[in-house]
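Asker: Structure in structure tokens, see below.
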Amino acid sequence: MRWTATGLLGAMAVVFFSTHGLVDQHPAWAYANAFAEAAMVGGLADWFAVTALFRHPLGLPIPHTAIIPENKDRIADTMAQFLRENFLTPAVVARRMSGMNVAKAVGDFLVDSPDRSSDDNRSRITGGAAELLAEVLESLDPDRLGNQVRSGLAGQLAKLDISPLAGRMLENAMTDRRHLPLIDGIIRWSGLTLEDNEEMVKEMISKRANAVLRWTGLDERISTSVLDGLYKLLAEVLVDPDHPLRSKIEEGLEKLAHDLQHDPATRERVEEMKRDLIENPAVAEWWMGVWERIRVSLIRRAREQNSGLGMEMRKGLADLGKALKQDHRLQVQINRFARRTAVGIATRYGNEIVTLVSETVKRWDATTITGRIESAVGRDLQFIRINGTLVGGLVGMTLHFITSFL
């Protein structure tokens with residue numbers, strides 16, 4: 001466009017000099033000459049005006065030229081002040097945000113995929129989120145982070161009154177007869193434990209037997225009989241749902257459920273056990289091992305392209321999008337939160353934002369700011385020159401027409 005504008009100015013110069021000697025031969029040449037003369041004047045004037053905005057014309061230090069480079073600091077302050085007064089005031093931000101349904105827009109973006117590019121965009125989002133998660137987990141001190149997570153969990157657990165909760169759970173389970181598998185499991189576990197420790201039981205019986213029994217070898221027969229009797233008892237309790245021992249176990253469980261909810265001594269013992277468990281160094285060491293395995297696994301899964309983490313994140317984003325699109329109450333809450341957040345940012349950090357804009361523009365050198373503004377305006381600058389050339393020619397031809405009849 002710059003070459004077009006310059007070429008048009010050159011063409012007007014050619015027409016002017018070509019028709020200068022022909023003005024007396026025919027009136028049309030006079031009009032053409034007047035058009036070309038005024039067009040050159042208009043084109044040169046607009047070239048000077050456009051050039052003077054960004055640099056000195058022909059490199060000459062003419063006053064009031066190179067306006068933008070010479071006044072870039074003032075322009076930066078004015079731009080920042082305009083931004084502050086018209087865009088970053090709480091009232092403007094609140095008014096603008098009140099007409100926006102941010103939650104629904106996010107939901108539409110996460111759910112809708114009219115073309116492949118949307119799928120690619122969503123893949124890039126999940127991939128970027130997974131990589132960000134991996135980098136965060138790598139950058140943070142694993143021991144410190146693990147201790148913070150443990151402290152948070154311990155704090156929440158310390159506030160939780162476990163005893164009544166456990167009592168109600170046990171009571172509800174017994175009401176629905178869901179405690180029976182638990183009793184069966186306890187019986188089976190008792191049988192396996194007894195089987196794994198037969199030698200210890202025999203040794204205990206042998207130590208408590210007198211010398212005569214040990215000398216005659218009856219202690220071995222007694223210990224075997226005791227073990228057989230215990231195995232038989234456990235088998236009977238396991239297969240007989242009406243066994244008296246089961247009733248005793250259920251009575252004990254009912255009493256435990258009642259004491260967990262209503263007995264202060266039992267509740268205090270449970271709380272003491274909970275405190276001991278939280279403060280136990282072995283538990284802290286166990287948790288650090290568990291946390292490290294979780295952390296390493298998350299980092300590995302986030303970095304693997306074919307891992308299930310990406311699919312889980314995509315499914316999670318899709319579910320979130322559906323909820324944002326369909327749940328009006330959720331939209332209201334999120335939009336209110338977004339509006340308050342934006343207003344809060346404008347209130348607290350508006351001055352810092354405009355200062356950043358102002359200081360950034362001030363740090364640009366004259367060539368940079370000139371090039372960026374000139375590139376932003378682009379073709380319109382050259383249309384100013386073209387229009388100036390054509391309008392000037394029309395004005396010159398009109399003036400020639402008027403003077404011809406005076």
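How things are named: the first chain in the structure tokens is A, the next is B, and so on; residues count from 1 in each chain; ligands count from 1 in the order shown.
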For A:Ala173, please output as a ChimeraX atom specification all residues within 12 Å (counting only C-alpha atoms; exclusion window: fewer than 5 positions along the same chain).
Answerer: /A:166-168,178-183,250,253-254,257
Asker: Contacts of A:Ala13 at 9 Å or less, counting only C-alpha atoms, minus same-chain residues fewer than 6 places along, as a PyMOL selection string?
Answerer: chain A and resi 36-37+39-40
Asker: Just write the chosen residues, N, CA and C atoms, as a PDB file, in the first residue's frame.
Answerer:
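See selection.pdb below for the written result:
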ATOM      1  N   ALA A  36      -4.033  17.437 -11.357  1.00  0.00           N
ATOM      2  CA  ALA A  36      -2.741  16.858 -11.001  1.00  0.00           C
ATOM      3  C   ALA A  36      -1.991  17.745 -10.021  1.00  0.00           C
ATOM      4  N   GLU A  37      -2.044  19.044 -10.211  1.00  0.00           N
ATOM      5  CA  GLU A  37      -1.327  19.960  -9.320  1.00  0.00           C
ATOM      6  C   GLU A  37      -1.868  19.874  -7.898  1.00  0.00           C
ATOM      7  N   ALA A  39      -3.624  17.452  -6.653  1.00  0.00           N
ATOM      8  CA  ALA A  39      -3.413  16.089  -6.146  1.00  0.00           C
ATOM      9  C   ALA A  39      -2.021  15.938  -5.589  1.00  0.00           C
ATOM     10  N   MET A  40      -1.009  16.542  -6.277  1.00  0.00           N
ATOM     11  CA  MET A  40       0.358  16.485  -5.748  1.00  0.00           C
ATOM     12  C   MET A  40       0.445  17.200  -4.409  1.00  0.00           C
TER      13      MET A  40
END
Asker: Quote the spacing between atom CA of A:Thr4 and atom CA of A:Phe54 in Å to one decimal place.
Answerer: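 Here the two named atoms are 19.4 Å from each other.
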Asker: Within 12 Å of stretch 160-164 of chain A, which residues of stretch 265-328 of chain A come that close, and what is the closest atom pair and distance in Å for each? Count only C-alpha atoms and give it as a tab-separated table.
Answerer:
residue	atom	partner	partner_atom	distance
A:Ala265	CA	A:Ser163	CA	10.9
A:Thr266	CA	A:Ser163	CA	8.1
A:Arg267	CA	A:Ser163	CA	5.5
A:Glu268	CA	A:Ser163	CA	8.5
A:Arg269	CA	A:Ser163	CA	9.1
A:Val270	CA	A:Ser163	CA	6.2
A:Glu271	CA	A:Ser163	CA	7.3
A:Glu272	CA	A:Ser163	CA	10.7
A:Met273	CA	A:Ile162	CA	10.5
A:Lys274	CA	A:Ile162	CA	8.3
A:Arg275	CA	A:Ile162	CA	11.1
Asker: Which distance in Å separates atom CA of A:Pro57 and atom CA of A:Val377, to one decimal?
Answerer: 18.9 Å
Asker: What lies within 12 Å of A:Leu230 using only C-alpha atoms, ignoring chain neighbours under 3 positions off, as a PDB file with N, CA and C atoms, in the first residue's frame?
Answerer:
ATOM      1  N   ILE A 187     -14.739 -65.008  62.592  1.00  0.00           N
ATOM      2  CA  ILE A 187     -14.613 -66.436  62.930  1.00  0.00           C
ATOM      3  C   ILE A 187     -13.552 -67.094  62.051  1.00  0.00           C
ATOM      4  N   SER A 190     -10.184 -65.981  63.110  1.00  0.00           N
ATOM      5  CA  SER A 190      -9.782 -66.643  64.352  1.00  0.00           C
ATOM      6  C   SER A 190      -9.260 -68.048  64.068  1.00  0.00           C
ATOM      7  N   GLY A 191      -9.959 -68.774  63.164  1.00  0.00           N
ATOM      8  CA  GLY A 191      -9.511 -70.112  62.819  1.00  0.00           C
ATOM      9  C   GLY A 191      -8.141 -70.105  62.151  1.00  0.00           C
ATOM     10  N   LEU A 192      -7.917 -69.192  61.220  1.00  0.00           N
ATOM     11  CA  LEU A 192      -6.613 -69.117  60.543  1.00  0.00           C
ATOM     12  C   LEU A 192      -5.512 -68.712  61.519  1.00  0.00           C
ATOM     13  N   THR A 193      -5.827 -67.780  62.407  1.00  0.00           N
ATOM     14  CA  THR A 193      -4.834 -67.349  63.397  1.00  0.00           C
ATOM     15  C   THR A 193      -4.470 -68.506  64.319  1.00  0.00           C
ATOM     16  N   LEU A 194      -5.490 -69.265  64.747  1.00  0.00           N
ATOM     17  CA  LEU A 194      -5.228 -70.424  65.604  1.00  0.00           C
ATOM     18  C   LEU A 194      -4.377 -71.458  64.870  1.00  0.00           C
ATOM     19  N   GLU A 195      -4.660 -71.648  63.584  1.00  0.00           N
ATOM     20  CA  GLU A 195      -3.888 -72.630  62.811  1.00  0.00           C
ATOM     21  C   GLU A 195      -2.433 -72.194  62.660  1.00  0.00           C
ATOM     22  N   GLU A 198      -0.490 -72.840  66.231  1.00  0.00           N
ATOM     23  CA  GLU A 198      -0.741 -74.082  66.973  1.00  0.00           C
ATOM     24  C   GLU A 198       0.409 -74.423  67.909  1.00  0.00           C
ATOM     25  N   VAL A 201       0.307 -72.377  71.053  1.00  0.00           N
ATOM     26  CA  VAL A 201      -0.764 -72.798  71.959  1.00  0.00           C
ATOM     27  C   VAL A 201      -0.369 -74.083  72.689  1.00  0.00           C
ATOM     28  N   SER A 223      -3.274 -80.784  74.759  1.00  0.00           N
ATOM     29  CA  SER A 223      -3.175 -79.614  73.874  1.00  0.00           C
ATOM     30  C   SER A 223      -3.832 -79.899  72.522  1.00  0.00           C
ATOM     31  N   THR A 224      -3.652 -81.140  72.027  1.00  0.00           N
ATOM     32  CA  THR A 224      -4.291 -81.497  70.758  1.00  0.00           C
ATOM     33  C   THR A 224      -5.801 -81.506  70.896  1.00  0.00           C
ATOM     34  N   SER A 225      -6.285 -82.029  72.020  1.00  0.00           N
ATOM     35  CA  SER A 225      -7.728 -82.056  72.251  1.00  0.00           C
ATOM     36  C   SER A 225      -8.296 -80.633  72.371  1.00  0.00           C
ATOM     37  N   VAL A 226      -7.541 -79.769  73.053  1.00  0.00           N
ATOM     38  CA  VAL A 226      -8.002 -78.372  73.187  1.00  0.00           C
ATOM     39  C   VAL A 226      -8.103 -77.719  71.813  1.00  0.00           C
ATOM     40  N   LEU A 227      -7.074 -77.898  70.968  1.00  0.00           N
ATOM     41  CA  LEU A 227      -7.096 -77.317  69.629  1.00  0.00           C
ATOM     42  C   LEU A 227      -8.244 -77.892  68.802  1.00  0.00           C
ATOM     43  N   LEU A 233     -15.545 -75.834  67.716  1.00  0.00           N
ATOM     44  CA  LEU A 233     -16.415 -74.748  68.160  1.00  0.00           C
ATOM     45  C   LEU A 233     -16.526 -73.665  67.083  1.00  0.00           C
ATOM     46  N   LEU A 234     -15.410 -73.286  66.496  1.00  0.00           N
ATOM     47  CA  LEU A 234     -15.429 -72.249  65.462  1.00  0.00           C
ATOM     48  C   LEU A 234     -16.227 -72.705  64.236  1.00  0.00           C
ATOM     49  N   ALA A 235     -16.091 -73.993  63.878  1.00  0.00           N
ATOM     50  CA  ALA A 235     -16.837 -74.516  62.728  1.00  0.00           C
ATOM     51  C   ALA A 235     -18.337 -74.504  63.003  1.00  0.00           C
ATOM     52  N   GLU A 236     -18.723 -74.888  64.219  1.00  0.00           N
ATOM     53  CA  GLU A 236     -20.147 -74.886  64.555  1.00  0.00           C
ATOM     54  C   GLU A 236     -20.716 -73.470  64.542  1.00  0.00           C
ATOM     55  N   VAL A 237     -19.953 -72.533  65.092  1.00  0.00           N
ATOM     56  CA  VAL A 237     -20.430 -71.141  65.110  1.00  0.00           C
ATOM     57  C   VAL A 237     -20.560 -70.604  63.681  1.00  0.00           C
TER      58      VAL A 237
END
Asker: Residues near A:Ile68, anyone? I mean within 10 Å using only C-alpha atoms, not counting same-chain ones fewer than 6 positions away, as an MDAnalysis selection string.
Answerer: chainID A and resid 52:55 74:75 366 369:370 373
Asker: In terms of the shortest atom-to-atom distance over only C-alpha atoms, which of A:Ile299, A:Leu110, A:Met79, A:Ala45 is closest to A:Gly316?
Answerer: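 Using only C-alpha atoms, A:Gly316 sits closest to A:Leu110.
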Asker: Name all residues at most 10 Å from A:Val102 (count only C-alpha atoms; drop same-chain ones fewer than 4 positions away) and give them as a PyMOL selection string.
Answerer: chain A and resi 97-98+106-108+324+331-332+334-336+338-339
